[in-house]
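The structure under discussion appears below in the form of C-alpha cells.
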Amino acid sequence: FVHMAVLPPLVSATDLLETFLLSPEYLPIHDLRLSQRLWQREIQPELLLHVGTCPARTDISVDRDLLTGELLGYHEIELTSAGLTAKNSTSLQRAPGPVTDAVKGDATNYPFWPGGFKEPEMVEAVTQKVENFSFSFEEDLLTVPPGFREGIVFKQGKEPLMPETNPPPQTISLAELMSADEWLVPAVSSQKGEEVDGITSSHVAQPDQLSAVDDESLSAVLADSGPRQEIPKVNVGSVEQWVVKVDLNKPVHNFYEKIPRMAISFPFELDPFQKQAILYLHNQDCVFVAAHTSAGKTVVAEYAIALSLEHKTRTVYTSPIKALSNQKFREFRNRFGSDKVGLLTGDVQIKQESPCLIMTTEILRSMLYGGSDTIRDMEWVIFDEVHYINDSERGVVWEEVLIMLPAHVNIIMLSATVPNAVEFADWVGRTKRKKVYVISTFKRPVPLVHHLYTGNNKQTSDQLFVIVGEDHKFNSKSYQEALDAKKKRASSASEYGPKSRQYVNPKEEKNIWLSLVHMLEKKEKLPVVAFTFSRDRCNGNADALVSLDLTTSTEKHEIDSFFQKSIQLLKGSDQSLPQIVWMKEHLKRGIAVHHSGILPIVKEVIELLFQKGLVKLLFATETFAMGVNMPARTVVFDAMQKHDGTRKRDLTPGEYVQMAGRAGRRGLDTTGTVILLCKGDVPETSDLHRMILGHQTSLQSQFRLTYSMLLNLIRVKTFRVEDMMKRSFAEADFLRSETDRHNNLAALQRKIENFSDLDCPICDPEMDDYFKACSRITQLRNKMQHVLLGSPQVTKALVPGRVVTLYLNSYKYTLAVILDLNTRSPATPFTVLTLCKEKDEPEEAAKALVEPGNLSIIKPCQAMSELFHPDGMVKHTVVDISGQLIVSITDVVLSVEPSKMIDDYKKRQIPRFRNDAPGPAIANCTHALLKMVDSGPGRLSFVDPVNDLRINIMEFVEMKQELDKLEGTMQHYGCTRCPQFNEHFAIAKEKSELHHQRQQLIFLSSEESLMLIPEYRQRLEVLKSLGFVSDRGTVMLKGRVACEIHYHEVILTELIFQNVLDEFDPQEIVALLSCFVFEQSSCSEPNIPKKLQKGKDSVLRVAAKIAEVERSCGMRTSVEEYQSQFKFGLLEVVYEWARGKEFVDIINLTDVSEGIIVRCIQRLDETCKDVRNAAHVIGEPTLRQKMMEASSLIKRDIVFAASLYTK
C-alpha cells in the first residue's frame, strides 16, 4: 500500500499577493532566521602544503622497423613543450587556452613568436651536467625581495639592506642540478629476456640507446618536434634575396597541366597576373599583387580561401574599414557558403569558428597580441588595400601586424599600383625571412579616357574634350579647344585663360550638372559616380537636382520595394527619420548620396541598389572608391582639390587613379569615361599632367610608437621593443645593409690589426697623446667658433678694416683684412684681403683658402709662434671665406675703402689688366699687413671674447679655459721636434680615422642608431613615472589594465585608478567616454549639465597631468595639444541617448551628421567593453556592472541595426 499524504489546504493566490503587498514583513526575506546561513568552515592546514602535479618532462617514443612496422623498442625523449601555456610561452607547442579565448585571445596571454625574429636563446646548460655547483642557504639567499626597496636579515646587529647593497641574484637552472642519468629510469633490467612490468628487454631501448638520448641537444629535440619554417641560408645583403619581380610579359605555359585540379573554378579565363599568383599560392609562397581598381585582385584572395578549405586550415581576410569587411563577408559567403565564412568587427561576431574569417586589421592586431589560438590554424592572411598603409593615423597597424605574424602564416598583399612595390615586398620578405613574389600589372581591363567638360549652354553642353586617351598621351590640341570654348563664354577679356575664376554661384552649378547629366543620358553613359569632396556639397547637389528624374516606373517600384524591405529592420520612429525620408525621395529618381554622414543602413541600401543598376547618379566622397567592385560607366570629378583635415590641396595621382578606376564595367564597356568638370576655368596643363599622368604615391612608413605597443611588448620578457622598431618599414635600410655593415666592420678590424706601430723612439711614446690633444683642440675651436659667429658682439667687431688671423692648410697662420660682409651668402659671408705666395696664381690661392672643411681637419696644433710671410715679391688675393676659418680677431682696424679695393682687384683679374699695379688702397693695406707680419705675433694684441666682447656663456667660458690649457701644453711635446714628424703624424691620423670609422659602423649597427630610440626612452620614462612599468621594467597592475584598452589607454587607465568614474551613473559615464571616440573638430556647442561638466573638468585635469609628465620626460607635448584630442561635442547627444531618448530627438541636439553620431556610439560600445574588462582585472565589480549597464543602454534601435550584408 502506498501511504497517501494529506494535501495542504489550497490558499487563494490573490489573498497571498494582497497579504505580501500590504504586509511585507510576512515575506521570508525579512526573517533573518530564515535568510541568514552560516556554515562553519573546517580548518585543513595540510591543504597549504598541497602542490599540483607537475607535467611530465619526458615521454616514451616507439622504435619501429621502417619497412615492416615491427616494434623494435622504446626510448625516452625530453618534452620541450611540457608546462608551456599561454601565460608563460610564445611557442606554438604550448597548450591551448580556454575555448572562450580561442578567437580574440586574452590580454594576459603571450603572443606567438613572430616570424623572422631570432629565436630566444636557450640555456646550453639544460642538457649538460653540472660538475661543480655550490649554493649556501646561509649566505646566498636573497635579503631584498624583487620589487621591494629594502629588505631585512634575521641576524643581530644587522641593519635592513638596501637594494644596491644586495648581491646580484644567481640564476639557478634545475636542469643543472640533476643530470640526465638521474632523470631517466631504465624501464627494463640489463638482463636480456627479463621482464619488467610485462615488457621484455628485447623490445625496449638498451642503455646505450638511452645515453644517446642524453647527449641530444635541445635544438635537435626542437627540430624533431614538428614541421618548422625553414630559413634559407643565403646572403642577406642581396636586395634580390627576399623579393622576386615576376615578369608578366612571359606567357604562363601549361597552367592547367601544372594545376590539373584547381581549388576553385572561375567562369572566365584568368588573366596572366592571376595565373602567376595562383601558381605561387600552390607553392605556399607569399605574394604582393599590385593592380588597378577592378582588375580582379579578389580572384587571388578567393583562391587562397579555397586552398585553405582544401587543407582544412584557416584564412584571415583583413580590410582597412568596417564597411568593406561587411561587404566582403556578403560576397565570400555567397561564394563559399554561410558555414565557411565568419565576420569579426568591433560590434559584430558571426561564426567565429569558420575557416575563413573577415575582420579589420585592428582586430587581427588584437588577436596577435592576445595570443589567439586561432592563429595556430592560419595558413593565409590576406591584406586588402595595402596602400592604406600610407594613412597617417592607422598605417602603423599594418606594420605591426606584418611584423607580429608567426612564421607559419603566409602573406598575400593586394594593393593598387604603387611605384615601390618591390621595395615594400623586400622589406616584408626580409622581416619575415621569406621570399615575396611581386606581381604587378598596369594593364586595365577597361581602358580609361579622360575628358574636360566646360559648358552649360547649347553650344558646349554636349562637348567632351579628350585630354588623355587610351594611349596615355596628353592631347594638347583638345586642351586648347577646351580653353577656346571657355573663352567664348567669358563676359570680358580679363577672364580669358586658365585659373582666372575657380568658383561659380549655386545657380550656375545646378545648370552645369543638369547639362552634364542630360548629355550622359543621351550618350548612354549612366550610371555615373560624381566624386565631390565635401559632405555638404554632396547633399546640396542632390537637392539642387529635384527636377531630374532618371528612373522608369518599373525601376521606381523596385527601388521602393527594396527600400521598404530594408528599413523594416528598424523600429517605427526610426523608419521616418528625416534623412531616411529625404534619401528615399532621391532614390526614386535614381539619385543618391554616399558619405560618412549618411546612416550606415542607408549607405548599404544605396550600395546594393547601385550594384543592381538602379542608382543612376551617385554623389560620393572618396571613401566610396575603397570597397568592393562597384564600377560605373562614368566617373565625374567635381573638383581637383580636397581638404585633407589640415589644408586644402590638389589631388595626388594615387587618389585620382583610385577614384577614376571606378569608371568602366568589365565585360560591358569598351572604355571607362572620366570627366573633370570645369565649373570655373580650365585647369592648368601642368596640374592635369601631374594628376592624370604623374607618378603615384609611394608606400611610406607611418610607424610610430604607442603606449599600447610598448606595454604589450614589455610584458613579454622575451620580446624587445627595439626588435619591433628595427623591423619597421621606416628602418628597412637597417636590415637591408646589415650584412654590408658587418663585412665592412670586419674589414676595418683587419686593417686596424695589421696596422704597424710607429718605429720611432721620439714619436712613439707621445704621438697618440699628441694627436688626441690636437683632435680635442680642433673640436673645441669648432664649437667656440659656432658660438662666436652667432654672437651679435662678434658680428659688430668684424667690420671692414678689421685684421683677423686665419688658419689655412698651406699657409698655417696668416693675417687678413675684412673688406665686406655678405649676409646673402651664409656659406662664405666674409670678403677678405690676405697675403699669398709669389708663385701662386690668385685663383689657386683663393681655391686653397676656401677649401671645404679646413677647420674640421685635424692638423698639428702648434702655438702661433710665427705668421705666414711670403717669400720674394709680396702678392695678395681677395676671396670670400667662411667665418670658421677665422682663428682670432686682432684689435687693429685699418682704414680701407672696401668697394674701391674689391673693384680694383676684380679689374686686375681681367687678362688685359692683369699686369697693372694695384691701387693705392690695396697697396697701403698690403704694406700694413706685411709690417705686422714682420713684427711677429708677439707684438699683436688680440680681442678676448670673454673680457672684451663680454661673451659670458658658461659653456663657452669653460671651453675657452680648456682650450687655453691644452694650447699651453702643446709646446711640451717632444714629438714635434722629430725630423719625420709630418709623416708620423699622418700615420697616427690614418690610424685614428680607422678607429673613428669603426666606431661609426658599430654605432650604425647598434640599436642606438634607430630613429625612434629617443622617443622610446621618453615614452618608457612616462610609463615609469605614471606607475605603468616598474623601474626594473616589469609591467605593473596599471600596465596590465592598459593592455585591456585599445585606444587612449593611458588616460582611461588613469581615470579608472583615480576613481573619477565612480561617482557617475552609467548614462553619465558613457557620455563622458564619448570624448575618446568623437573626432570631428567643429560642431555646435553642447548643453552640458553641471555634473557632467564636473566630469569633463576631471578628464581635462587628468589629461593635463599626463601632458605635464610627458613634457618632463622630454616629449614635445603641450597641455593644450594633448587636451585638444578629446572632443566633447557629442556629450549631450550620447547622454540623452543613454537615457532612452529616440534617435529622431537626439539629432536635433547637434549639427553633427546622423552617420557620424551612429559611428561614434558604435565605437563607444567598444570603449565600454574595454573599461569593463579593465574593471574586472582590478576587481572593481561596481564599475564593471556600470559599464555593462552603460553598454546595454546604448545598444539599441538604429544605432546597432544589423547590417544588410550580414542578412
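Every chain in the C-alpha cells takes a letter, A first, then B, and so on in the order presented; its residues are numbered from 1, and the ligands are numbered from 1 following the presented order.
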> Mind checking DSSP for region 685-845 of chain A and telling me the strand (DSSP E or B) residues as an NGL selection string?
Replying inline: :A and (802-808 or 812-821 or 830-836)
With only C-alpha atoms as the counted atoms, please give the residues lying no more than 10 Å from Ser338 (chain A), apart from itself and same-chain residues fewer than 4 positions off, as a compact mmCIF listing (two decimals) with C-alpha atoms, in the first residue's frame.
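Final output, out.txt:
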```txt
# COMPACT_ATOMS: atom_id res chain seq x y z
CA PHE A 329 31.54 38.99 -45.83
CA ARG A 330 28.47 39.03 -48.05
CA PHE A 332 32.52 35.49 -49.78
CA ARG A 333 29.52 33.96 -48.02
CA ASN A 334 27.70 33.78 -51.35
CA GLY A 342 32.75 34.42 -40.43
CA LYS A 351 30.55 32.36 -36.96
CA SER A 354 34.57 29.48 -39.55
CA THR A 1206 25.08 40.03 -42.82
```
> Can you list every residue in region 942-1032 of chain A that DSSP puts in alpha helix (DSSP H), as an MDAnalysis selection string?
Replying inline: chainID A and resid 954:969 981:1005 1013:1026
Emit the selected residues as an mmCIF file, in the first residue's frame, including C-alpha atoms.
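Generated file (again_9.cif):
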```
data_model
loop_
_atom_site.group_PDB
_atom_site.id
_atom_site.type_symbol
_atom_site.label_atom_id
_atom_site.label_comp_id
_atom_site.auth_asym_id
_atom_site.auth_seq_id
_atom_site.Cartn_x
_atom_site.Cartn_y
_atom_site.Cartn_z
ATOM 1 C CA MET A 954 79.131 79.420 -19.128
ATOM 2 C CA GLU A 955 79.698 76.632 -21.648
ATOM 3 C CA PHE A 956 81.804 78.941 -23.844
ATOM 4 C CA VAL A 957 83.913 80.125 -20.906
ATOM 5 C CA GLU A 958 84.599 76.522 -19.874
ATOM 6 C CA MET A 959 85.607 75.609 -23.440
ATOM 7 C CA LYS A 960 87.967 78.590 -23.658
ATOM 8 C CA GLN A 961 89.630 77.691 -20.376
ATOM 9 C CA GLU A 962 90.113 74.121 -21.571
ATOM 10 C CA LEU A 963 91.456 75.356 -24.932
ATOM 11 C CA ASP A 964 93.946 77.718 -23.288
ATOM 12 C CA LYS A 965 95.151 74.903 -21.051
ATOM 13 C CA LEU A 966 95.602 72.492 -23.960
ATOM 14 C CA GLU A 967 97.380 75.066 -26.132
ATOM 15 C CA GLY A 968 99.740 75.743 -23.258
ATOM 16 C CA THR A 969 100.790 72.104 -23.131
ATOM 17 C CA PHE A 981 107.121 64.474 -37.595
ATOM 18 C CA ASN A 982 104.745 65.178 -40.503
ATOM 19 C CA GLU A 983 104.962 61.613 -41.809
ATOM 20 C CA HIS A 984 104.446 60.137 -38.353
ATOM 21 C CA PHE A 985 101.523 62.486 -37.662
ATOM 22 C CA ALA A 986 99.891 61.364 -40.911
ATOM 23 C CA ILE A 987 100.227 57.726 -39.801
ATOM 24 C CA ALA A 988 98.645 58.497 -36.432
ATOM 25 C CA LYS A 989 95.890 60.406 -38.197
ATOM 26 C CA GLU A 990 95.149 57.483 -40.545
ATOM 27 C CA LYS A 991 95.023 55.077 -37.617
ATOM 28 C CA SER A 992 92.673 57.387 -35.736
ATOM 29 C CA GLU A 993 90.418 57.691 -38.774
ATOM 30 C CA LEU A 994 90.184 53.902 -38.996
ATOM 31 C CA HIS A 995 89.181 53.735 -35.344
ATOM 32 C CA HIS A 996 86.648 56.514 -35.928
ATOM 33 C CA GLN A 997 85.154 54.683 -38.915
ATOM 34 C CA ARG A 998 84.970 51.544 -36.823
ATOM 35 C CA GLN A 999 83.108 53.371 -34.074
ATOM 36 C CA GLN A 1000 80.715 54.816 -36.655
ATOM 37 C CA LEU A 1001 79.973 51.370 -38.067
ATOM 38 C CA ILE A 1002 79.478 49.977 -34.592
ATOM 39 C CA PHE A 1003 77.039 52.778 -33.866
ATOM 40 C CA LEU A 1004 75.166 52.285 -37.138
ATOM 41 C CA SER A 1005 74.949 48.560 -36.430
ATOM 42 C CA ILE A 1013 65.133 55.201 -29.800
ATOM 43 C CA PRO A 1014 64.946 58.637 -28.094
ATOM 44 C CA GLU A 1015 61.147 58.634 -28.226
ATOM 45 C CA TYR A 1016 61.060 55.052 -26.934
ATOM 46 C CA ARG A 1017 63.081 56.018 -23.891
ATOM 47 C CA GLN A 1018 60.926 59.063 -23.315
ATOM 48 C CA ARG A 1019 57.704 57.056 -23.505
ATOM 49 C CA LEU A 1020 59.157 54.353 -21.281
ATOM 50 C CA GLU A 1021 60.062 57.020 -18.748
ATOM 51 C CA VAL A 1022 56.471 58.321 -18.917
ATOM 52 C CA LEU A 1023 55.145 54.830 -18.182
ATOM 53 C CA LYS A 1024 57.519 54.509 -15.244
ATOM 54 C CA SER A 1025 56.591 57.921 -13.899
ATOM 55 C CA LEU A 1026 52.874 57.091 -14.060
#
```
> Near Thr685 (chain A), within 12 Å and counting only C-alpha atoms, which residues show up once chain neighbours fewer than 6 positions away are dropped, as a PyMOL selection string?
Replying inline: chain A and resi 452+467-468+474-480+482-483+497-499+691-693
Write out, as a compact mmCIF listing (two decimals), in the first residue's frame, the residues just selected, with all heavy atoms.
```txt
# COMPACT_ATOMS: atom_id res chain seq x y z
N LEU A 452 37.55 66.74 -70.43
CA LEU A 452 37.18 68.00 -69.78
C LEU A 452 35.78 68.37 -70.25
O LEU A 452 35.44 68.22 -71.43
CB LEU A 452 38.16 69.12 -70.15
CG LEU A 452 39.58 69.03 -69.61
CD1 LEU A 452 40.41 70.19 -70.13
CD2 LEU A 452 39.59 68.99 -68.09
N ILE A 467 41.38 64.75 -73.18
CA ILE A 467 42.73 65.26 -72.90
C ILE A 467 43.75 64.13 -72.75
O ILE A 467 44.93 64.32 -73.02
CB ILE A 467 42.73 66.15 -71.64
CG1 ILE A 467 42.11 65.41 -70.45
CG2 ILE A 467 42.04 67.46 -71.91
CD1 ILE A 467 42.23 66.16 -69.15
N VAL A 468 43.31 62.94 -72.31
CA VAL A 468 44.19 61.77 -72.24
C VAL A 468 43.37 60.57 -72.72
O VAL A 468 42.33 60.26 -72.13
CB VAL A 468 44.73 61.51 -70.82
CG1 VAL A 468 45.56 60.22 -70.80
CG2 VAL A 468 45.56 62.67 -70.33
N PHE A 474 48.96 62.99 -73.53
CA PHE A 474 48.20 64.21 -73.34
C PHE A 474 47.88 64.85 -74.69
O PHE A 474 48.76 65.04 -75.54
CB PHE A 474 48.99 65.19 -72.47
CG PHE A 474 48.17 66.35 -71.98
CD1 PHE A 474 47.39 66.23 -70.84
CD2 PHE A 474 48.16 67.56 -72.67
CE1 PHE A 474 46.63 67.30 -70.38
CE2 PHE A 474 47.41 68.62 -72.22
CZ PHE A 474 46.64 68.49 -71.08
N ASN A 475 46.60 65.20 -74.88
CA ASN A 475 46.14 65.78 -76.14
C ASN A 475 46.10 67.31 -76.00
O ASN A 475 45.13 67.89 -75.51
CB ASN A 475 44.74 65.23 -76.47
CG ASN A 475 44.30 65.58 -77.87
OD1 ASN A 475 44.73 66.58 -78.44
ND2 ASN A 475 43.42 64.76 -78.44
N SER A 476 47.17 67.95 -76.43
CA SER A 476 47.27 69.41 -76.29
C SER A 476 46.25 70.12 -77.16
O SER A 476 45.73 71.18 -76.79
CB SER A 476 48.69 69.88 -76.66
OG SER A 476 49.63 69.28 -75.81
N LYS A 477 45.98 69.56 -78.33
CA LYS A 477 45.02 70.19 -79.23
C LYS A 477 43.63 70.23 -78.60
O LYS A 477 42.95 71.27 -78.64
CB LYS A 477 44.99 69.42 -80.54
CG LYS A 477 44.03 70.00 -81.57
CD LYS A 477 44.04 69.19 -82.86
CE LYS A 477 43.03 69.74 -83.85
NZ LYS A 477 43.00 68.94 -85.10
N SER A 478 43.21 69.13 -78.04
CA SER A 478 41.89 69.10 -77.40
C SER A 478 41.84 70.02 -76.19
O SER A 478 40.82 70.65 -75.91
CB SER A 478 41.56 67.66 -76.98
OG SER A 478 40.26 67.57 -76.44
N TYR A 479 42.97 70.10 -75.45
CA TYR A 479 43.03 71.02 -74.31
C TYR A 479 42.83 72.46 -74.77
O TYR A 479 42.12 73.24 -74.13
CB TYR A 479 44.36 70.86 -73.58
CG TYR A 479 44.56 71.87 -72.46
CD1 TYR A 479 43.95 71.69 -71.24
CD2 TYR A 479 45.35 72.99 -72.65
CE1 TYR A 479 44.13 72.61 -70.21
CE2 TYR A 479 45.53 73.91 -71.65
CZ TYR A 479 44.92 73.71 -70.42
OH TYR A 479 45.09 74.62 -69.42
N GLN A 480 43.45 72.83 -75.90
CA GLN A 480 43.30 74.19 -76.41
C GLN A 480 41.86 74.45 -76.84
O GLN A 480 41.33 75.55 -76.66
CB GLN A 480 44.26 74.41 -77.58
CG GLN A 480 44.32 75.83 -78.08
CD GLN A 480 44.77 76.81 -77.00
OE1 GLN A 480 45.72 76.54 -76.27
NE2 GLN A 480 44.08 77.94 -76.88
N ALA A 482 39.26 73.17 -75.44
CA ALA A 482 38.52 73.41 -74.20
C ALA A 482 38.72 74.84 -73.72
O ALA A 482 37.78 75.49 -73.24
CB ALA A 482 38.96 72.41 -73.12
N LEU A 483 39.94 75.34 -73.84
CA LEU A 483 40.21 76.73 -73.45
C LEU A 483 39.41 77.70 -74.32
O LEU A 483 38.80 78.66 -73.83
CB LEU A 483 41.70 77.03 -73.60
CG LEU A 483 42.62 76.64 -72.44
CD1 LEU A 483 44.06 77.00 -72.78
CD2 LEU A 483 42.21 77.32 -71.16
N GLY A 497 41.82 82.69 -70.35
CA GLY A 497 42.96 81.95 -69.82
C GLY A 497 42.57 81.10 -68.63
O GLY A 497 41.52 81.26 -68.03
N PRO A 498 43.42 80.17 -68.30
CA PRO A 498 43.13 79.24 -67.21
C PRO A 498 43.25 79.88 -65.84
O PRO A 498 43.98 80.83 -65.64
CB PRO A 498 44.19 78.15 -67.38
CG PRO A 498 45.32 78.84 -68.08
CD PRO A 498 44.69 79.87 -68.95
N LYS A 499 42.46 79.36 -64.93
CA LYS A 499 42.55 79.68 -63.50
C LYS A 499 42.29 81.14 -63.19
O LYS A 499 42.82 81.69 -62.24
CB LYS A 499 43.92 79.27 -62.93
CG LYS A 499 44.05 77.77 -62.83
CD LYS A 499 45.04 77.38 -61.78
CE LYS A 499 44.99 75.89 -61.53
NZ LYS A 499 45.93 75.43 -60.54
N MET A 691 48.40 65.21 -62.26
CA MET A 691 47.35 64.43 -61.62
C MET A 691 46.99 63.16 -62.42
O MET A 691 46.82 62.09 -61.84
CB MET A 691 46.10 65.29 -61.45
CG MET A 691 44.99 64.63 -60.64
SD MET A 691 43.60 65.75 -60.35
CE MET A 691 42.94 65.90 -62.02
N ILE A 692 46.93 63.27 -63.74
CA ILE A 692 46.49 62.13 -64.55
C ILE A 692 47.65 61.22 -64.93
O ILE A 692 47.53 59.99 -64.89
CB ILE A 692 45.76 62.64 -65.81
CG1 ILE A 692 44.56 63.49 -65.43
CG2 ILE A 692 45.32 61.47 -66.69
CD1 ILE A 692 43.84 64.14 -66.60
N LEU A 693 48.79 61.82 -65.28
CA LEU A 693 49.92 61.04 -65.78
C LEU A 693 51.09 61.02 -64.82
O LEU A 693 52.14 60.45 -65.15
CB LEU A 693 50.39 61.63 -67.13
CG LEU A 693 49.33 61.66 -68.24
CD1 LEU A 693 49.87 62.38 -69.47
CD2 LEU A 693 48.87 60.26 -68.60
```
>> My list of candidates is A:Val1041, A:Leu867, A:Ile591, A:Val657. Which is closest to Ile559 (chain A) when distances are computed with only C-alpha atoms?
In response: A:Ile591
> Which of these, A:Lys245, A:Lys837, A:Arg64, A:Lys118, has the shortest distance to Thr718 (chain A) once you count only C-alpha atoms?
Replying inline: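 Of the candidates, the smallest distance to Thr718 (chain A) is held by A:Lys118.
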> For Tyr453 (chain A), which residue among A:Met626, A:Ala592, A:Cys978, A:Leu516 is the nearest when counting only C-alpha atoms?
Replying inline: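 Between A:Met626, A:Ala592, A:Cys978, A:Leu516, the residue approaching Tyr453 (chain A) most closely is A:Leu516.
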>> Report, in Å with one decimal, the straight-line distance from CA of Met1187 (chain A) to CA of Arg1172 (chain A).
In response: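 Value for the CA of Met1187 (chain A)-CA of Arg1172 (chain A) distance: 5.4 Å.
Here CA of Gly105 (chain A) is placed at a distance of 5.7 Å from CA of Met367 (chain A).
Within the 12 Å cut-off around Gly1033 (chain A), using only C-alpha atoms and omitting residues fewer than 4 positions from it on the same chain, the listed residues are Pro146, Gly147, Leu710, Leu711, Leu713, Ile714, Arg715, Val716, Lys717, Arg720, Val721, Arg1017, Leu1020, Glu1021, Leu1023, Lys1024, Ser1025, Gly1027, Phe1028, Val1029 and Gly1039 of chain A.
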> Looking at only C-alpha atoms, which of A:Tyr656, A:Pro911, A:Val581, A:Cys925 is the one that sits closest to Arg802 (chain A)?
Replying inline: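 Selected residue with least distance to Arg802 (chain A): A:Cys925.
Among A:Gln274, A:Ser1082, A:Asn1059, A:Ser895, the residue with the shortest atom-to-atom distance to Ser1153 (chain A), counting only C-alpha atoms, is A:Ser1082.
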> With only C-alpha atoms as the basis for distance, which of A:Ile598, A:Leu587, A:Val51, A:Cys538 is at the shortest distance from Leu550 (chain A)?
Replying inline: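 Looking at the shortest contact to Leu550 (chain A), the residue is A:Leu587.
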Output as JSON lines one row per residue of region 522-591 of chain A within 12 Å of region 671-675 of chain A: the closest atom pair and its distance in Å to one decimal place, counting only C-alpha atoms, sorted by chain and residue number ascending.
```
{"residue": "A:Lys523", "atom": "CA", "partner": "A:Thr673", "partner_atom": "CA", "distance": 11.3}
{"residue": "A:Glu524", "atom": "CA", "partner": "A:Thr673", "partner_atom": "CA", "distance": 11.3}
{"residue": "A:Lys525", "atom": "CA", "partner": "A:Thr673", "partner_atom": "CA", "distance": 7.9}
{"residue": "A:Leu526", "atom": "CA", "partner": "A:Thr673", "partner_atom": "CA", "distance": 10.1}
{"residue": "A:Pro527", "atom": "CA", "partner": "A:Thr673", "partner_atom": "CA", "distance": 10.9}
{"residue": "A:Val528", "atom": "CA", "partner": "A:Thr673", "partner_atom": "CA", "distance": 9.3}
{"residue": "A:Val529", "atom": "CA", "partner": "A:Val674", "partner_atom": "CA", "distance": 9.8}
{"residue": "A:Ala530", "atom": "CA", "partner": "A:Ile675", "partner_atom": "CA", "distance": 9.2}
{"residue": "A:Phe531", "atom": "CA", "partner": "A:Ile675", "partner_atom": "CA", "distance": 10.4}
```
>> Need to verify the contact set: Glu1180 (chain A), 12 Å, only C-alpha atoms, exclusion of same-chain residues closer than 3 positions in sequence. Can you return it as an MDAnalysis selection string?
In response: chainID A and resid 1041 1056:1057 1059 1061:1062 1171:1177 1183:1187
> Excluding same-chain residues fewer than 2 positions from Asp384 (chain A), what lies within 7 Å of it counting only C-alpha atoms, as a list in words?
Replying inline: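 Close residues of Asp384 (chain A): Thr318, Ser319, Ile382, Val386, Met413, Leu414 and Ser415 of chain A.
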Export of the given selection (all heavy atoms) as a short mmCIF file (atom, residue, chain, number, x, y, z; two decimals), in the first residue's frame:
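Final file, again17.cif:
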```
data_model
loop_
_atom_site.label_atom_id
_atom_site.label_comp_id
_atom_site.auth_asym_id
_atom_site.auth_seq_id
_atom_site.Cartn_x
_atom_site.Cartn_y
_atom_site.Cartn_z
N THR A 318 41.76 40.65 -44.13
CA THR A 318 41.71 41.90 -43.39
C THR A 318 41.41 43.05 -44.35
O THR A 318 41.84 43.05 -45.50
CB THR A 318 43.03 42.19 -42.66
OG1 THR A 318 44.04 42.50 -43.62
CG2 THR A 318 43.46 41.00 -41.84
N SER A 319 40.69 44.02 -43.84
CA SER A 319 40.35 45.20 -44.63
C SER A 319 40.59 46.44 -43.76
O SER A 319 40.59 46.35 -42.53
CB SER A 319 38.89 45.16 -45.07
OG SER A 319 38.03 45.26 -43.95
N ILE A 382 45.32 37.64 -45.72
CA ILE A 382 45.17 38.47 -46.92
C ILE A 382 45.00 39.92 -46.49
O ILE A 382 44.06 40.24 -45.76
CB ILE A 382 43.96 38.01 -47.75
CG1 ILE A 382 44.10 36.52 -48.12
CG2 ILE A 382 43.82 38.86 -49.00
CD1 ILE A 382 42.84 35.92 -48.67
N VAL A 386 46.45 47.39 -49.36
CA VAL A 386 47.70 47.60 -48.62
C VAL A 386 48.18 49.03 -48.73
O VAL A 386 48.86 49.53 -47.82
CB VAL A 386 48.77 46.60 -49.11
CG1 VAL A 386 50.13 46.93 -48.54
CG2 VAL A 386 48.39 45.19 -48.71
N MET A 413 49.31 40.16 -50.19
CA MET A 413 49.07 41.60 -50.13
C MET A 413 48.47 42.06 -51.45
O MET A 413 49.02 41.79 -52.52
CB MET A 413 50.38 42.35 -49.85
CG MET A 413 50.94 42.06 -48.47
SD MET A 413 52.66 42.62 -48.27
CE MET A 413 53.53 41.31 -49.13
N LEU A 414 47.32 42.71 -51.36
CA LEU A 414 46.63 43.23 -52.53
C LEU A 414 46.65 44.75 -52.46
O LEU A 414 46.28 45.32 -51.43
CB LEU A 414 45.19 42.71 -52.59
CG LEU A 414 45.00 41.20 -52.45
CD1 LEU A 414 43.52 40.85 -52.47
CD2 LEU A 414 45.73 40.45 -53.54
N SER A 415 47.04 45.38 -53.54
CA SER A 415 47.20 46.83 -53.49
C SER A 415 46.93 47.43 -54.86
O SER A 415 47.01 46.75 -55.88
CB SER A 415 48.63 47.19 -53.04
OG SER A 415 48.89 48.56 -53.21
#
```
>> What does the structure give for the distance between CA of Pro1066 (chain A) and CA of Cys1160 (chain A), in Å to one decimal?
In response: 17.1 Å
>> Env of region 1117-1127 of chain A: 10 Å cut, atoms = only C-alpha atoms, seq-sep filter 4 positions within chain, self excluded. Answer as number ranges by chain.
In response: A: 1048, 1072-1083, 1096, 1099-1113, 1131
